[in-house]
>>> print(open('entry_18.txt').read())   # compact mmCIF, C-alpha atoms
# COMPACT_ATOMS: atom_id res chain seq x y z
CA MET A 1360 0.00 0.00 0.00
CA LYS A 1361 2.90 2.36 0.82
CA ARG A 1362 4.33 1.88 -2.68
CA ILE A 1363 0.98 2.49 -4.33
CA LEU A 1364 0.46 5.70 -2.35
CA GLN A 1365 3.97 6.89 -3.22
CA GLY A 1366 3.33 6.09 -6.87
CA ILE A 1367 0.03 7.97 -6.82
CA GLY A 1368 1.78 10.91 -5.16
CA MET A 1369 4.38 11.05 -7.91
CA ILE A 1370 1.68 10.83 -10.59
CA GLU A 1371 -0.15 13.71 -8.94
CA GLY A 1372 3.09 15.68 -8.80
CA ALA A 1373 3.73 15.03 -12.48
CA VAL A 1374 0.20 16.06 -13.44
CA MET A 1375 0.44 19.25 -11.35
CA ALA A 1376 3.80 20.18 -12.85
CA LEU A 1377 2.63 19.57 -16.40
CA GLY A 1378 -0.63 21.34 -15.69
CA PHE A 1379 1.28 24.37 -14.43
CA LEU A 1380 3.34 24.45 -17.59
CA TRP A 1381 0.21 24.15 -19.70
CA LEU A 1382 -1.67 26.92 -17.88
CA THR A 1383 1.28 29.31 -17.87
CA ALA A 1384 2.11 28.80 -21.52
CA SER A 1385 0.88 31.85 -23.37
CA ALA A 1386 1.67 30.22 -26.69
CA ALA A 1387 2.57 26.78 -27.90
CA VAL A 1388 5.60 26.61 -30.01
CA ALA A 1389 3.58 26.62 -32.68
CA GLN A 1390 2.35 28.39 -35.20
CA ASP A 1391 5.01 26.39 -37.01
CA GLY A 1392 3.30 23.16 -35.98
CA GLY A 1393 5.61 22.41 -33.08
CA ALA A 1394 2.70 21.72 -30.74
CA GLN A 1395 1.52 19.00 -33.07
CA ASP A 1396 4.78 17.19 -32.30
CA GLY A 1397 4.15 17.37 -28.57
CA VAL A 1398 6.10 20.58 -27.86
CA TYR A 1399 4.58 23.11 -25.44
CA ALA A 1400 6.27 26.21 -24.04
CA SER A 1401 5.65 29.35 -22.04
CA GLY A 1402 5.44 32.59 -23.95
CA ASP A 1403 9.15 33.36 -23.65
CA GLY A 1404 10.13 29.72 -24.28
CA SER A 1405 11.96 29.39 -20.95
CA LEU A 1406 9.67 26.59 -19.65
CA ARG A 1407 9.07 23.69 -22.01
CA THR A 1408 7.92 20.14 -22.47
CA ASP A 1409 8.89 18.14 -25.56
CA LEU A 1410 7.37 14.72 -26.16
CA ARG A 1411 10.00 13.44 -28.60
CA TYR A 1412 12.88 14.59 -26.41
CA SER A 1413 11.29 12.96 -23.35
CA GLU A 1414 10.72 9.71 -25.21
CA ARG A 1415 14.40 9.48 -26.09
CA ILE A 1416 15.83 10.53 -22.74
CA PHE A 1417 13.50 8.32 -20.65
CA ASP A 1418 13.91 5.31 -22.96
CA ARG A 1419 15.56 2.34 -21.23
CA GLN A 1420 15.41 0.15 -24.33
CA ASN A 1421 17.35 2.41 -26.73
CA ASP A 1422 20.33 4.78 -26.34
CA VAL A 1423 20.84 2.98 -23.04
CA THR A 1424 24.45 4.02 -22.41
CA THR A 1425 24.68 7.26 -24.43
CA LYS A 1426 22.18 9.63 -22.85
CA VAL A 1427 24.80 12.39 -22.50
CA ALA A 1428 25.37 12.37 -26.28
CA GLN A 1429 21.59 12.48 -26.87
CA ILE A 1430 21.17 15.46 -24.52
CA LEU A 1431 24.00 17.33 -26.24
CA ARG A 1432 22.60 16.56 -29.70
CA ALA A 1433 19.16 17.80 -28.63
CA ARG A 1434 20.75 20.99 -27.38
CA ALA A 1435 22.76 21.48 -30.60
CA SER A 1436 19.67 20.97 -32.79
CA GLY A 1437 17.59 23.49 -30.85
CA GLN A 1438 15.30 20.84 -29.38
CA VAL A 1439 16.54 21.97 -25.95
CA PRO A 1440 17.22 25.70 -26.51
CA GLU A 1441 19.86 27.55 -24.54
CA GLY A 1442 18.24 29.44 -21.67
CA SER A 1443 15.38 26.94 -21.29
CA LEU A 1444 14.24 24.52 -18.60
CA THR A 1445 12.68 21.42 -20.20
CA PHE A 1446 10.50 19.15 -18.08
CA GLY A 1447 9.45 15.59 -18.84
CA GLY A 1448 7.38 12.82 -17.30
CA ARG A 1449 6.81 9.14 -17.97
CA LEU A 1450 4.61 6.32 -16.70
CA ILE A 1451 5.16 2.68 -17.67
CA ALA A 1452 2.74 0.04 -16.38
CA THR A 1453 2.48 -3.61 -17.42
CA GLN A 1454 0.33 -6.66 -16.83
CA ILE A 1455 2.40 -9.88 -16.72
CA SER A 1456 1.09 -13.43 -17.08
CA GLU A 1457 3.63 -16.24 -16.92
CA ARG A 1458 3.78 -20.00 -16.70
CA THR A 1459 6.72 -22.24 -15.78
CA ASN A 1460 7.34 -26.00 -15.84
CA THR A 1461 9.07 -25.84 -12.42
CA PRO A 1462 7.22 -24.45 -9.37
CA GLY A 1463 8.64 -21.17 -8.14
CA LYS A 1464 11.19 -20.76 -10.94
CA PHE A 1465 10.42 -17.95 -13.40
CA PRO A 1466 13.48 -16.83 -15.37
CA ILE A 1467 11.89 -13.64 -16.77
CA LEU A 1468 14.60 -10.96 -16.64
CA SER A 1469 12.42 -8.01 -15.70
CA ARG A 1470 11.59 -9.40 -12.24
CA LEU A 1471 13.64 -10.61 -9.26
CA PRO A 1472 13.15 -14.25 -8.11
CA PRO A 1473 11.60 -13.40 -4.68
CA THR A 1474 8.76 -11.47 -6.35
CA HIS A 1475 7.27 -14.56 -7.99
CA THR A 1476 4.69 -17.04 -6.79
CA ARG A 1477 5.72 -20.48 -5.55
CA GLY A 1478 3.43 -22.16 -8.05
CA ARG A 1479 3.65 -22.84 -11.79
CA SER A 1480 1.78 -19.74 -12.97
CA ASP A 1481 1.42 -16.13 -11.99
CA SER A 1482 -0.38 -12.99 -13.15
CA TYR A 1483 0.15 -9.51 -11.75
CA GLY A 1484 0.29 -5.82 -12.58
CA VAL A 1485 3.41 -3.73 -12.18
CA ILE A 1486 4.23 -0.03 -12.09
CA ASN A 1487 7.56 -0.30 -13.85
CA GLU A 1488 8.32 3.38 -13.71
CA ILE A 1489 6.91 6.78 -12.82
CA SER A 1490 9.62 9.31 -13.64
CA LEU A 1491 10.12 13.05 -13.77
CA ASN A 1492 13.16 14.83 -15.20
CA ALA A 1493 14.38 18.32 -15.97
CA THR A 1494 17.05 19.63 -18.35
CA LEU A 1495 18.49 23.12 -17.82
CA ALA A 1496 20.45 24.54 -20.75
CA LEU A 1497 22.82 27.42 -20.01
CA PRO A 1498 25.77 28.74 -22.03
CA TRP A 1499 28.22 25.80 -22.31
CA VAL A 1500 26.57 24.01 -19.36
CA THR A 1501 23.65 21.56 -19.24
CA GLY A 1502 22.17 20.29 -15.99
CA PHE A 1503 20.05 17.15 -15.85
CA VAL A 1504 18.18 15.42 -13.03
CA GLN A 1505 15.78 12.47 -13.01
CA GLY A 1506 13.80 10.96 -10.15
CA GLU A 1507 11.57 7.91 -10.28
CA PHE A 1508 9.30 5.51 -8.48
CA THR A 1509 9.40 1.81 -9.36
CA GLU A 1510 8.01 -1.42 -7.97
CA VAL A 1511 10.97 -3.35 -9.43
CA GLU A 1512 13.79 -2.02 -7.26
CA TYR A 1513 16.82 -4.10 -6.30
CA PRO A 1514 17.18 -5.29 -2.68
CA GLY A 1515 18.57 -2.47 -0.56
CA GLN A 1516 17.27 0.24 -2.89
CA ASP A 1517 14.35 2.57 -2.20
CA ASP A 1518 11.34 2.46 -4.49
CA VAL A 1519 11.62 6.25 -4.86
CA GLN A 1520 15.06 7.21 -6.13
CA LEU A 1521 17.05 10.14 -7.46
CA ARG A 1522 18.18 7.92 -10.33
CA LYS A 1523 20.30 10.34 -12.36
CA TYR A 1524 21.88 13.73 -11.88
CA MET A 1525 24.71 15.31 -13.85
CA LEU A 1526 26.35 18.46 -15.09
CA ILE A 1527 27.57 18.46 -18.69
CA LEU A 1528 30.14 20.98 -19.87
CA GLY A 1529 30.03 21.25 -23.65
CA ASP A 1530 28.25 22.62 -26.71
CA LEU A 1531 28.42 20.59 -29.92
CA ASN A 1532 27.85 23.74 -31.98
CA ARG A 1533 31.20 24.99 -30.69
CA SER A 1534 33.23 21.85 -29.96
CA PRO A 1535 32.80 18.06 -30.27
CA PHE A 1536 34.32 17.52 -26.80
CA TYR A 1537 32.42 17.43 -23.52
CA LEU A 1538 32.92 16.70 -19.83
CA ALA A 1539 30.12 15.16 -17.74
CA VAL A 1540 30.08 14.58 -13.98
CA GLY A 1541 27.34 12.77 -12.07
CA ARG A 1542 25.33 9.63 -11.42
CA LYS A 1543 24.22 7.88 -14.59
CA THR A 1544 24.31 4.71 -16.64
CA LEU A 1545 27.92 3.92 -17.46
CA ASN A 1546 28.96 4.56 -21.06
CA PHE A 1547 29.94 0.95 -21.79
CA GLY A 1548 28.41 -1.31 -24.44
CA ASN A 1549 25.21 -0.75 -26.40
CA PHE A 1550 22.63 -2.92 -24.59
CA ALA A 1551 19.64 -1.85 -26.66
CA SER A 1552 16.55 -4.04 -26.52
CA TYR A 1553 14.11 -3.98 -29.43
CA ALA A 1554 11.39 -5.51 -27.25
CA PRO A 1555 8.83 -3.05 -25.84
CA PHE A 1556 9.50 -3.72 -22.13
CA THR A 1557 11.96 -6.54 -21.38
CA HIS A 1558 15.72 -6.20 -21.61
CA THR A 1559 18.16 -8.73 -23.11
CA HIS A 1560 20.73 -10.99 -21.55
CA SER A 1561 23.42 -8.56 -22.71
CA SER A 1562 22.01 -5.81 -20.50
CA HIS A 1563 21.00 -8.25 -17.74
CA TYR A 1564 24.58 -9.45 -17.32
CA PHE A 1565 26.57 -6.32 -18.17
CA TRP A 1566 24.57 -3.07 -17.85
CA ALA A 1567 26.46 -0.90 -15.33
CA GLN A 1568 25.06 2.03 -13.33
CA SER A 1569 26.89 4.29 -10.90
CA GLU A 1570 26.05 4.89 -7.27
CA ASP A 1571 28.74 7.56 -6.85
CA PRO A 1572 29.33 10.40 -9.34
CA MET A 1573 31.52 9.46 -12.31
CA ILE A 1574 33.64 11.64 -14.57
CA GLU A 1575 33.11 11.15 -18.32
CA LEU A 1576 35.18 12.81 -21.02
CA GLY A 1577 33.67 12.39 -24.49
CA TYR A 1578 33.77 13.27 -28.16
CA VAL A 1579 30.59 13.46 -30.27
CA THR A 1580 30.10 14.24 -33.96
CA GLU A 1581 27.31 13.40 -36.38
CA ARG A 1582 28.71 9.89 -36.89
CA THR A 1583 31.16 9.24 -34.04
CA GLU A 1584 30.84 8.83 -30.26
CA LEU A 1585 33.83 8.22 -27.97
CA ALA A 1586 33.90 8.25 -24.16
CA PHE A 1587 36.41 7.66 -21.37
CA THR A 1588 34.98 7.38 -17.85
CA LEU A 1589 36.72 7.49 -14.47
CA ILE A 1590 34.77 5.57 -11.81
CA PRO A 1591 35.23 5.64 -8.01
CA ALA A 1592 36.31 2.26 -6.62
CA HIS A 1593 33.05 1.31 -4.93
CA ARG A 1594 30.31 -1.24 -5.51
CA GLY A 1595 27.95 0.44 -7.97
CA ASN A 1596 24.54 -0.65 -9.16
CA ARG A 1597 24.02 -3.78 -11.25
CA VAL A 1598 27.41 -5.09 -12.48
CA LEU A 1599 29.74 -2.22 -11.55
CA SER A 1600 32.34 -3.12 -8.91
CA SER A 1601 36.04 -3.06 -8.00
CA PRO A 1602 38.31 -5.15 -5.73
CA ARG A 1603 38.87 -2.37 -3.20
CA ASN A 1604 36.09 -0.05 -2.05
CA ASN A 1605 38.38 2.87 -1.23
CA GLY A 1606 36.75 5.48 -3.47
CA GLU A 1607 39.86 6.12 -5.54
CA LEU A 1608 39.45 6.70 -9.28
CA THR A 1609 40.99 3.36 -10.21
CA ASN A 1610 38.10 1.89 -12.16
CA PHE A 1611 37.48 3.12 -15.70
CA ALA A 1612 35.66 2.39 -18.95
CA LEU A 1613 36.19 3.10 -22.64
CA ASN A 1614 33.40 3.05 -25.20
CA GLY A 1615 33.02 4.10 -28.81
CA ALA A 1616 30.89 3.78 -31.92
CA HIS A 1617 31.09 5.00 -35.52
CA ARG A 1618 28.31 5.06 -38.09
CA PHE A 1619 29.26 4.27 -41.70
CA GLY A 1620 27.03 5.10 -44.65
CA VAL A 1621 26.92 1.86 -46.66
CA ALA A 1622 24.08 2.62 -49.13
CA PRO A 1623 21.51 5.37 -49.70
CA GLY A 1624 19.42 5.46 -46.54
CA HIS A 1625 21.38 2.61 -44.91
CA ASP A 1626 23.99 2.84 -42.14
CA LEU A 1627 26.23 0.38 -40.32
CA THR A 1628 27.23 1.36 -36.78
CA VAL A 1629 30.24 -0.42 -35.27
CA GLY A 1630 30.79 -0.18 -31.52
CA ALA A 1631 33.21 -1.53 -28.92
CA GLY A 1632 33.80 -1.07 -25.20
CA TYR A 1633 36.00 -1.99 -22.24
CA LEU A 1634 35.29 -1.90 -18.48
CA ARG A 1635 38.00 -2.60 -15.94
CA GLY A 1636 35.96 -3.59 -12.86
CA SER A 1637 32.90 -5.86 -12.68
CA ILE A 1638 31.06 -7.99 -10.11
CA TYR A 1639 32.45 -11.17 -11.66
CA ASP A 1640 35.53 -10.93 -9.44
CA SER A 1641 35.05 -13.25 -6.46
CA THR A 1642 34.21 -16.77 -5.34
CA ILE A 1643 31.15 -15.24 -3.65
CA ALA A 1644 28.55 -14.00 -6.13
CA HIS A 1645 27.54 -10.53 -5.00
CA HIS A 1646 24.78 -9.46 -7.32
CA PRO A 1647 23.12 -7.39 -5.88
CA PRO A 1648 25.71 -5.72 -3.61
CA GLY A 1649 27.72 -7.76 -1.16
CA ARG A 1650 31.26 -8.58 -0.23
CA GLY A 1651 33.58 -11.00 -1.94
CA ILE A 1652 36.85 -12.67 -1.05
CA ASN A 1653 40.13 -12.72 -2.98
CA ARG A 1654 38.69 -10.15 -5.37
CA PHE A 1655 40.52 -9.08 -8.51
CA TRP A 1656 40.00 -6.97 -11.64
CA ASN A 1657 37.82 -9.02 -13.99
CA GLU A 1658 37.60 -6.82 -17.07
CA LEU A 1659 34.73 -6.85 -19.57
CA TRP A 1660 34.82 -6.21 -23.30
CA ASP A 1661 31.99 -5.62 -25.74
CA VAL A 1662 31.46 -5.43 -29.51
CA ASN A 1663 28.22 -4.50 -31.26
CA LEU A 1664 26.92 -3.92 -34.79
CA THR A 1665 23.73 -2.19 -35.93
CA TRP A 1666 22.45 -2.07 -39.52
CA SER A 1667 19.73 0.56 -39.98
CA GLY A 1668 17.53 1.22 -43.00
CA PRO A 1669 14.54 3.48 -43.60
CA ARG A 1670 12.11 0.91 -42.18
CA PHE A 1671 14.17 -1.61 -40.21
CA ASP A 1672 17.07 -2.12 -37.79
CA VAL A 1673 19.15 -5.26 -37.18
CA GLN A 1674 21.51 -5.48 -34.22
CA ALA A 1675 24.07 -7.94 -32.80
CA GLU A 1676 26.05 -7.64 -29.58
CA PHE A 1677 28.59 -9.82 -27.76
CA THR A 1678 30.00 -9.10 -24.29
CA ARG A 1679 32.43 -11.19 -22.24
CA SER A 1680 34.51 -11.17 -19.08
CA MET A 1681 38.24 -11.50 -19.71
CA HIS A 1682 38.73 -14.02 -16.89
CA ASP A 1683 36.74 -16.83 -15.31
CA TRP A 1684 34.22 -15.90 -12.63
CA PRO A 1685 35.42 -17.78 -9.53
CA ALA A 1686 31.81 -18.24 -8.37
CA THR A 1687 31.09 -20.49 -11.39
CA GLY A 1688 34.55 -21.53 -12.63
CA HIS A 1689 33.79 -20.15 -16.08
CA HIS A 1690 33.90 -16.83 -17.88
CA VAL A 1691 30.66 -14.85 -18.26
CA GLN A 1692 29.34 -13.89 -21.70
CA ALA A 1693 26.14 -12.76 -23.39
CA THR A 1694 25.01 -12.63 -27.02
CA THR A 1695 22.04 -10.74 -28.47
CA LEU A 1696 20.58 -10.87 -31.99
CA GLN A 1697 17.50 -8.78 -32.76
CA ALA A 1698 15.57 -6.99 -35.48
CA ARG A 1699 12.64 -4.59 -35.78
CA TRP A 1700 10.44 -3.31 -38.57
CA HIS A 1701 8.82 0.15 -38.62
CA ARG A 1702 5.43 0.40 -40.32
CA THR A 1703 2.17 2.36 -39.96
CA LEU A 1704 -1.29 1.22 -38.92
CA ALA A 1705 -4.27 3.54 -39.35
CA GLY A 1706 -1.76 6.28 -40.11
CA LYS A 1707 0.14 5.84 -36.83
CA PRO A 1708 3.58 4.28 -36.18
CA ILE A 1709 3.79 0.60 -35.28
CA THR A 1710 6.95 -1.44 -34.67
CA TYR A 1711 7.28 -5.21 -34.84
CA SER A 1712 10.31 -6.83 -33.21
CA VAL A 1713 12.05 -10.12 -32.52
CA SER A 1714 14.86 -10.42 -29.99
CA ALA A 1715 16.94 -13.48 -29.08
CA SER A 1716 19.63 -13.50 -26.40
CA ARG A 1717 21.75 -15.99 -24.47
CA GLY A 1718 23.85 -15.71 -21.33
CA VAL A 1719 26.55 -18.20 -20.34
CA GLN A 1720 28.41 -18.51 -17.02
CA GLY A 1721 29.04 -22.26 -16.59
CA THR A 1722 30.74 -25.19 -18.23
CA ASN A 1723 28.89 -27.19 -20.87
CA GLY A 1724 26.17 -29.35 -19.31
CA SER A 1725 26.23 -27.78 -15.85
CA GLU A 1726 22.95 -26.74 -14.23
CA TRP A 1727 24.14 -23.13 -14.18
CA GLU A 1728 25.56 -23.14 -17.71
CA ARG A 1729 23.20 -20.78 -19.55
CA MET A 1730 19.95 -18.85 -19.87
CA GLU A 1731 18.17 -18.23 -23.19
CA GLN A 1732 15.36 -15.90 -24.22
CA VAL A 1733 13.28 -15.13 -27.32
CA ILE A 1734 10.81 -12.24 -27.46
CA LEU A 1735 8.22 -11.34 -30.10
CA GLY A 1736 7.03 -7.78 -29.61
CA VAL A 1737 4.81 -5.06 -31.01
CA GLU A 1738 4.49 -1.36 -30.11
CA TYR A 1739 1.82 1.02 -31.36
CA GLU A 1740 1.58 4.77 -30.89
CA ALA A 1741 -2.15 4.79 -30.25
CA ALA A 1742 -2.25 8.53 -29.55
CA ARG A 1743 0.13 11.37 -28.99
CA HIS A 1744 1.91 10.68 -25.67
CA VAL A 1745 0.51 7.13 -25.44
CA THR A 1746 2.21 3.96 -26.72
CA LEU A 1747 0.77 0.46 -26.27
CA GLY A 1748 3.02 -2.60 -26.26
CA ALA A 1749 2.79 -6.39 -26.05
CA GLU A 1750 5.34 -9.22 -25.80
CA TYR A 1751 5.38 -12.98 -25.96
CA MET A 1752 8.50 -14.32 -24.29
CA TYR A 1753 10.08 -17.79 -24.08
CA ASN A 1754 12.81 -18.45 -21.50
CA ALA A 1755 14.99 -21.52 -20.97
CA GLY A 1756 17.27 -22.03 -18.00
CA PHE A 1757 17.08 -20.54 -14.50
CA VAL A 1758 20.31 -19.04 -13.14
CA PRO A 1759 19.97 -16.24 -10.57
CA LEU A 1760 23.28 -14.41 -10.26
CA ILE A 1761 23.27 -15.06 -6.51
CA LEU A 1762 24.56 -18.53 -5.56
CA PRO A 1763 24.31 -19.65 -9.20
CA THR A 1764 25.88 -23.08 -8.61
CA PHE A 1765 23.26 -23.83 -5.95
CA THR A 1766 20.17 -22.30 -7.56
CA GLY A 1767 20.83 -22.99 -11.26
CA ASP A 1768 18.41 -25.31 -13.08
CA ARG A 1769 18.89 -25.86 -16.82
CA SER A 1770 15.59 -27.76 -17.21
CA VAL A 1771 13.37 -24.74 -16.46
CA GLU A 1772 11.23 -23.38 -19.30
CA SER A 1773 8.69 -20.59 -19.10
CA HIS A 1774 6.23 -18.75 -21.33
CA THR A 1775 5.24 -15.15 -20.59
CA LEU A 1776 2.77 -12.62 -21.99
CA ILE A 1777 3.26 -8.93 -21.18
CA ALA A 1778 0.95 -6.08 -22.16
CA GLY A 1779 1.51 -2.51 -21.13
CA VAL A 1780 1.34 1.20 -21.73
CA LYS A 1781 3.89 4.01 -21.88
CA MET A 1782 2.64 7.57 -21.27
CA THR A 1783 5.17 10.32 -21.91
CA PHE A 1784 5.10 14.12 -21.68
>>> encode(input="entry_18.txt", output="structure tokens")
Amino acid sequence: MKRILQGIGMIEGAVMALGFLWLTASAAVAQDGGAQDGVYASGDGSLRTDLRYSERIFDRQNDVTTKVAQILRARASGQVPEGSLTFGGRLIATQISERTNTPGKFPILSRLPPTHTRGRSDSYGVINEISLNATLALPWVTGFVQGEFTEVEYPGQDDVQLRKYMLILGDLNRSPFYLAVGRKTLNFGNFASYAPFTHTHSSHYFWAQSEDPMIELGYVTERTELAFTLIPAHRGNRVLSSPRNNGELTNFALNGAHRFGVAPGHDLTVGAGYLRGSIYDSTIAHHPPGRGINRFWNELWDVNLTWSGPRFDVQAEFTRSMHDWPATGHHVQATTLQARWHRTLAGKPITYSVSASRGVQGTNGSEWERMEQVILGVEYEAARHVTLGAEYMYNAGFVPLILPTFTGDRSVESHTLIAGVKMTF
């Protein structure tokens, strides 16, 4: 009940904030048609909401690791004008129905094992996210903050969190270089998911988020993105960790991507990344946070390819630890292959997708060897600000990343249906 009341409170706050912006706007941006694209602003343009900007910055399925570059590009294009404060809000809610062949074992990646029923089937509704953010654009400096409520928090986390905050020094209209400081998703890997709601094994195993502020130095042009990040030596969120939690800037990451034009309207983006410190560094599995013994630097590396055309995208990604994970006696790796097709239905955008991914952390034939997932998805922009989505998902293998050699069960299979809505302002 507490979570529901907090969620309702945040919804009310979002509605009040957006209502204030609406009532105080003396003109929408547009006589040029901007309002038809979901852009609303006060008379002097200093207070704004922008649907398309919010969709991109809130999106956890796309541009997962490169939000700083997206903010800077929006600023350079005039989508976030200098001297403006741009607000955004998002609600994601889903209804999940799942069935497993093994009581109590549901390998769906979007939920933690303790949240499931002990039986063979389950059906429940989830508030995945209620978020608010703000982007302040000043000369050479951009400030960004995002808070959220979620019912899918990790153990030890609050359901209401200040998820991201950062200061970005840079202006792509003047220089391709930038410096960003703050709490954010680490710029490592790609980790896109073409499914409407569920992430892939690549992001499940290797998506890194900071708890302490990081320092990111980057380079962004129309076709190239490069980033070097210094990370305090602490246990971060998800897979970010280091052998010694002394706070020194001894952990770091490198990430880059370049987009090649290969045919009219077609591009090939090649990306690669490196992360020095990960959770796969101890005989004790500590995911979520915990303490290990005899810890060491177990580096990660990533390569990814994306082919994009006018009406489709195809993506492949492979990520691996450089050394064996002592908790399983085997290196950790994940592979994702996925595609999506962009069409229209009744004059509105619709996207069909298929995503297949596999994670491996054990020797061939072991109970904790692998997990596999296939998702068929569809998303439809039913109305401005409202997107409907649905997934069918097949999972094989059950390997929680806590005590994997004790809890792993390769015989588990499950089938899941997810339907949900995304509302964005």
>>> closest_residue(input="entry_18.txt", among="A:Met1752, A:Val1598, A:Leu1608, A:Leu1659", to="Glu1575 (chain A)", atoms="all atoms listed in the file")
A:Leu1608
>>> residues_around(input="entry_18.txt", residues="Asn1604 (chain A)", least_positions_apart="3", cutoff="12 Å", atoms="all atoms listed in the file", output="list in words")
Asp1571, Ile1590, Pro1591, Ala1592, His1593, Arg1594, Gly1595, Leu1599, Ser1600, Ser1601, Glu1607, Leu1608, Thr1609, Asn1610, Gly1636, Pro1648, Gly1649, Arg1650, Gly1651, Arg1654 and Phe1655 of chain A
>>> write_last_selection(input="entry_18.txt", atoms="C-alpha atoms", output="PDB file, in the coordinates of the input")
ATOM      1  CA  ASP A1571      28.740   7.560  -6.850  1.00  0.00           C
ATOM      2  CA  ILE A1590      34.770   5.570 -11.810  1.00  0.00           C
ATOM      3  CA  PRO A1591      35.230   5.640  -8.010  1.00  0.00           C
ATOM      4  CA  ALA A1592      36.310   2.260  -6.620  1.00  0.00           C
ATOM      5  CA  HIS A1593      33.050   1.310  -4.930  1.00  0.00           C
ATOM      6  CA  ARG A1594      30.310  -1.240  -5.510  1.00  0.00           C
ATOM      7  CA  GLY A1595      27.950   0.440  -7.970  1.00  0.00           C
ATOM      8  CA  LEU A1599      29.740  -2.220 -11.550  1.00  0.00           C
ATOM      9  CA  SER A1600      32.340  -3.120  -8.910  1.00  0.00           C
ATOM     10  CA  SER A1601      36.040  -3.060  -8.000  1.00  0.00           C
ATOM     11  CA  GLU A1607      39.860   6.120  -5.540  1.00  0.00           C
ATOM     12  CA  LEU A1608      39.450   6.700  -9.280  1.00  0.00           C
ATOM     13  CA  THR A1609      40.990   3.360 -10.210  1.00  0.00           C
ATOM     14  CA  ASN A1610      38.100   1.890 -12.160  1.00  0.00           C
ATOM     15  CA  GLY A1636      35.960  -3.590 -12.860  1.00  0.00           C
ATOM     16  CA  PRO A1648      25.710  -5.720  -3.610  1.00  0.00           C
ATOM     17  CA  GLY A1649      27.720  -7.760  -1.160  1.00  0.00           C
ATOM     18  CA  ARG A1650      31.260  -8.580  -0.230  1.00  0.00           C
ATOM     19  CA  GLY A1651      33.580 -11.000  -1.940  1.00  0.00           C
ATOM     20  CA  ARG A1654      38.690 -10.150  -5.370  1.00  0.00           C
ATOM     21  CA  PHE A1655      40.520  -9.080  -8.510  1.00  0.00           C
TER      22      PHE A1655
END
>>> closest_residue(input="entry_18.txt", among="A:Glu1581, A:Asp1768, A:Asp1396, A:Asp1661", to="Asn1532 (chain A)", atoms="all atoms listed in the file")
A:Glu1581
>>> closest_residue(input="entry_18.txt", among="A:Ala1493, A:Ile1455, A:Val1719, A:Val1427", to="Leu1406 (chain A)", atoms="only C-alpha atoms")
A:Ala1493
>>> residues_near_point(input="entry_18.txt", point="(22.8, 25.6, -23.6)", cutoff="10 Å", atoms="all atoms listed in the file", output="ChimeraX atom specification")
/A:1431,1433-1435,1437,1439-1444,1494-1502,1527-1532
>>> atom_distance(input="entry_18.txt", atom1="CA of Asp1683 (chain A)", atom2="CA of Ala1551 (chain A)")
25.4 Å
>>> closest_residue(input="entry_18.txt", among="A:Phe1587, A:Ser1770, A:Leu1634, A:Ser1716", to="His1563 (chain A)", atoms="only C-alpha atoms")
A:Ser1716
>>> residues_around(input="entry_18.txt", residues="Thr1544 (chain A)", least_positions_apart="4", cutoff="9 Å", atoms="all atoms listed in the file", output="ChimeraX atom specification")
/A:1423-1426,1523,1566-1569
>>> residues_near_point(input="entry_18.txt", point="(36.4, -6.6, -30.1)", cutoff="12 Å", atoms="all atoms listed in the file", output="PyMOL selection string")
chain A and resi 1548+1614-1616+1629-1633+1659-1664+1676-1679+1681
>>> residues_around(input="entry_18.txt", residues="Gly1447 (chain A)", least_positions_apart="4", cutoff="9 Å", atoms="all atoms listed in the file", output="list in words")
Ala1373, Leu1377, Arg1407, Thr1408, Asp1409, Leu1410, Tyr1412, Ser1413, Glu1414, Phe1417, Ser1490, Leu1491, Asn1492, Ala1493, Thr1494, Thr1783 and Phe1784 of chain A
>>> closest_residue(input="entry_18.txt", among="A:Gly1506, A:Gly1724, A:Gly1668, A:Pro1685", to="Trp1700 (chain A)", atoms="all atoms listed in the file")
A:Gly1668
>>> closest_residue(input="entry_18.txt", among="A:Tyr1578, A:Phe1550, A:Phe1556, A:Phe1465", to="Leu1538 (chain A)", atoms="all atoms listed in the file")
A:Tyr1578
>>> atom_distance(input="entry_18.txt", atom1="CA of Gln1420 (chain A)", atom2="CA of Ser1552 (chain A)")
4.9 Å
>>> atom_distance(input="entry_18.txt", atom1="CA of Pro1763 (chain A)", atom2="CA of Arg1603 (chain A)")
23.4 Å
